[in-house]
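Below is one structure; the comments refer to it alone.
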Amino acid sequence: MPVIQVNLLEGRSREAKRAFAAAVTKSACECLGVKPTQVRVIFHEVSKGDWAVAGTLYSDMDEKPGTSSSA
């Protein structure tokens with residue numbers, strides 16, 4: 001049984017996560033030869049204050065002019 005864990009910044013819509021889960025499940029079935037009922041997708045949402053890139057918290061990137069924090 002494949003268990004797929006996804007770490008992402010909080011704030012994605014339920015529709016976006018639903019579409020992602022469906023696409024990943026379909027791909028897992030095709031690549032691994034499993035049934036959709038065997039695939040588990042777990043989303044771990046992380047706040048911007050708990051995610052850093054190149055030593056800078058995403059929450060700090062929001063405060064700097066001209067920086068983009070989309071992940």
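We name chains A, B, ... following the order of the structure tokens; residues begin at 1 in each chain, and ligands are numbered from 1 as shown.
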
Legend entry - Selection near A:Val6, 9 Å with only C-alpha atoms, sequence-local residues under 2 positions removed, as a PyMOL selection string: chain A and resi 4+8+41-45

Inset, instruction - Any chance you could list, as JSON, numbers by chain, the residues in chain A that come up helix (DSSP H, G or I) when DSSP is run on the backbone? - result: {"A": [14, 15, 16, 17, 18, 19, 20, 21, 22, 23, 24, 25, 26, 27, 28, 29, 30, 31, 32, 36, 37, 38, 48, 49, 50, 58, 59, 60, 61]}

How would the residues just chosen look if you wrote them out with N, CA and C atoms as a PDB file, in the first residue's frame?
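Saved file result_38.pdb follows:
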ATOM      1  N   ARG A  14      -9.131  23.370  -0.600  1.00  0.00           N
ATOM      2  CA  ARG A  14      -9.541  21.971  -0.566  1.00  0.00           C
ATOM      3  C   ARG A  14      -9.624  21.421  -1.990  1.00  0.00           C
ATOM      4  N   GLU A  15     -10.071  22.254  -2.929  1.00  0.00           N
ATOM      5  CA  GLU A  15     -10.178  21.825  -4.320  1.00  0.00           C
ATOM      6  C   GLU A  15      -8.796  21.514  -4.902  1.00  0.00           C
ATOM      7  N   ALA A  16      -7.801  22.349  -4.584  1.00  0.00           N
ATOM      8  CA  ALA A  16      -6.446  22.120  -5.088  1.00  0.00           C
ATOM      9  C   ALA A  16      -5.878  20.819  -4.525  1.00  0.00           C
ATOM     10  N   LYS A  17      -6.097  20.577  -3.231  1.00  0.00           N
ATOM     11  CA  LYS A  17      -5.598  19.340  -2.617  1.00  0.00           C
ATOM     12  C   LYS A  17      -6.353  18.127  -3.160  1.00  0.00           C
ATOM     13  N   ARG A  18      -7.625  18.280  -3.399  1.00  0.00           N
ATOM     14  CA  ARG A  18      -8.420  17.187  -3.972  1.00  0.00           C
ATOM     15  C   ARG A  18      -7.896  16.819  -5.361  1.00  0.00           C
ATOM     16  N   ALA A  19      -7.625  17.827  -6.187  1.00  0.00           N
ATOM     17  CA  ALA A  19      -7.114  17.584  -7.542  1.00  0.00           C
ATOM     18  C   ALA A  19      -5.731  16.943  -7.492  1.00  0.00           C
ATOM     19  N   PHE A  20      -4.878  17.422  -6.583  1.00  0.00           N
ATOM     20  CA  PHE A  20      -3.541  16.862  -6.442  1.00  0.00           C
ATOM     21  C   PHE A  20      -3.615  15.405  -6.004  1.00  0.00           C
ATOM     22  N   ALA A  21      -4.445  15.122  -5.022  1.00  0.00           N
ATOM     23  CA  ALA A  21      -4.586  13.749  -4.523  1.00  0.00           C
ATOM     24  C   ALA A  21      -5.067  12.816  -5.631  1.00  0.00           C
ATOM     25  N   ALA A  22      -5.998  13.280  -6.437  1.00  0.00           N
ATOM     26  CA  ALA A  22      -6.517  12.457  -7.536  1.00  0.00           C
ATOM     27  C   ALA A  22      -5.419  12.184  -8.563  1.00  0.00           C
ATOM     28  N   ALA A  23      -4.652  13.217  -8.910  1.00  0.00           N
ATOM     29  CA  ALA A  23      -3.583  13.058  -9.908  1.00  0.00           C
ATOM     30  C   ALA A  23      -2.474  12.141  -9.402  1.00  0.00           C
ATOM     31  N   VAL A  24      -2.084  12.309  -8.143  1.00  0.00           N
ATOM     32  CA  VAL A  24      -1.026  11.477  -7.572  1.00  0.00           C
ATOM     33  C   VAL A  24      -1.496  10.027  -7.446  1.00  0.00           C
ATOM     34  N   THR A  25      -2.743   9.851  -7.055  1.00  0.00           N
ATOM     35  CA  THR A  25      -3.295   8.496  -6.946  1.00  0.00           C
ATOM     36  C   THR A  25      -3.296   7.811  -8.303  1.00  0.00           C
ATOM     37  N   LYS A  26      -3.731   8.528  -9.330  1.00  0.00           N
ATOM     38  CA  LYS A  26      -3.753   7.962 -10.676  1.00  0.00           C
ATOM     39  C   LYS A  26      -2.343   7.569 -11.111  1.00  0.00           C
ATOM     40  N   SER A  27      -1.389   8.434 -10.867  1.00  0.00           N
ATOM     41  CA  SER A  27      -0.003   8.148 -11.245  1.00  0.00           C
ATOM     42  C   SER A  27       0.547   6.948 -10.478  1.00  0.00           C
ATOM     43  N   ALA A  28       0.271   6.874  -9.188  1.00  0.00           N
ATOM     44  CA  ALA A  28       0.743   5.743  -8.386  1.00  0.00           C
ATOM     45  C   ALA A  28       0.159   4.436  -8.906  1.00  0.00           C
ATOM     46  N   CYS A  29      -1.094   4.449  -9.275  1.00  0.00           N
ATOM     47  CA  CYS A  29      -1.735   3.242  -9.809  1.00  0.00           C
ATOM     48  C   CYS A  29      -1.072   2.804 -11.113  1.00  0.00           C
ATOM     49  N   GLU A  30      -0.802   3.763 -11.985  1.00  0.00           N
ATOM     50  CA  GLU A  30      -0.180   3.447 -13.270  1.00  0.00           C
ATOM     51  C   GLU A  30       1.262   2.955 -13.099  1.00  0.00           C
ATOM     52  N   CYS A  31       2.008   3.613 -12.251  1.00  0.00           N
ATOM     53  CA  CYS A  31       3.433   3.283 -12.091  1.00  0.00           C
ATOM     54  C   CYS A  31       3.679   2.059 -11.214  1.00  0.00           C
ATOM     55  N   LEU A  32       2.851   1.890 -10.203  1.00  0.00           N
ATOM     56  CA  LEU A  32       3.097   0.834  -9.224  1.00  0.00           C
ATOM     57  C   LEU A  32       2.174  -0.376  -9.369  1.00  0.00           C
ATOM     58  N   PRO A  36      -6.653   2.125  -6.758  1.00  0.00           N
ATOM     59  CA  PRO A  36      -6.828   3.417  -6.078  1.00  0.00           C
ATOM     60  C   PRO A  36      -7.136   3.273  -4.585  1.00  0.00           C
ATOM     61  N   THR A  37      -7.853   2.245  -4.220  1.00  0.00           N
ATOM     62  CA  THR A  37      -8.196   2.051  -2.803  1.00  0.00           C
ATOM     63  C   THR A  37      -6.992   1.699  -1.948  1.00  0.00           C
ATOM     64  N   GLN A  38      -5.870   1.387  -2.584  1.00  0.00           N
ATOM     65  CA  GLN A  38      -4.657   1.048  -1.850  1.00  0.00           C
ATOM     66  C   GLN A  38      -3.740   2.257  -1.623  1.00  0.00           C
ATOM     67  N   LYS A  48       4.006  29.429   7.401  1.00  0.00           N
ATOM     68  CA  LYS A  48       5.133  30.158   6.817  1.00  0.00           C
ATOM     69  C   LYS A  48       6.212  30.458   7.843  1.00  0.00           C
ATOM     70  N   GLY A  49       5.850  30.480   9.099  1.00  0.00           N
ATOM     71  CA  GLY A  49       6.827  30.712  10.149  1.00  0.00           C
ATOM     72  C   GLY A  49       7.648  29.478  10.488  1.00  0.00           C
ATOM     73  N   ASP A  50       7.233  28.333   9.957  1.00  0.00           N
ATOM     74  CA  ASP A  50       7.926  27.069  10.219  1.00  0.00           C
ATOM     75  C   ASP A  50       8.600  26.500   8.972  1.00  0.00           C
ATOM     76  N   TYR A  58       9.790  31.857   5.429  1.00  0.00           N
ATOM     77  CA  TYR A  58       8.827  32.367   4.449  1.00  0.00           C
ATOM     78  C   TYR A  58       8.046  33.534   5.021  1.00  0.00           C
ATOM     79  N   SER A  59       7.756  33.494   6.310  1.00  0.00           N
ATOM     80  CA  SER A  59       7.018  34.598   6.929  1.00  0.00           C
ATOM     81  C   SER A  59       7.825  35.897   6.855  1.00  0.00           C
ATOM     82  N   ASP A  60       9.147  35.805   6.884  1.00  0.00           N
ATOM     83  CA  ASP A  60       9.988  36.997   6.740  1.00  0.00           C
ATOM     84  C   ASP A  60      10.046  37.461   5.289  1.00  0.00           C
ATOM     85  N   MET A  61       9.954  36.531   4.355  1.00  0.00           N
ATOM     86  CA  MET A  61       9.978  36.893   2.937  1.00  0.00           C
ATOM     87  C   MET A  61       8.771  37.743   2.578  1.00  0.00           C
TER      88      MET A  61
END

Inset, instruction - Quick one: pull the distance between atom CA of A:Asp62 and atom CA of A:Val46, Å, one decimal. - result: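 Interatomic distance here is 15.4 Å.
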
Inset, instruction - To one decimal in Å, tell me the separation between atom CA of A:Ala52 and atom CA of A:Asn7. - result: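 Taking atom CA of A:Ala52 as the start and atom CA of A:Asn7 as the end point, the length is 12.8 Å.
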
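Counting from atom CA of A:Lys35, the distance to atom CA of A:Leu9 is 28.8 Å.
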
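Running DSSP on the backbone and keeping only strand (DSSP E or B), the residues of chain A that qualify are Val3, Ile4, Gln5, Val6, Asn7, Leu8, Leu9, Arg40, Val41, Ile42, Phe43, His44, Glu45, Val46, Ala52, Val53, Thr56 and Leu57 of chain A.
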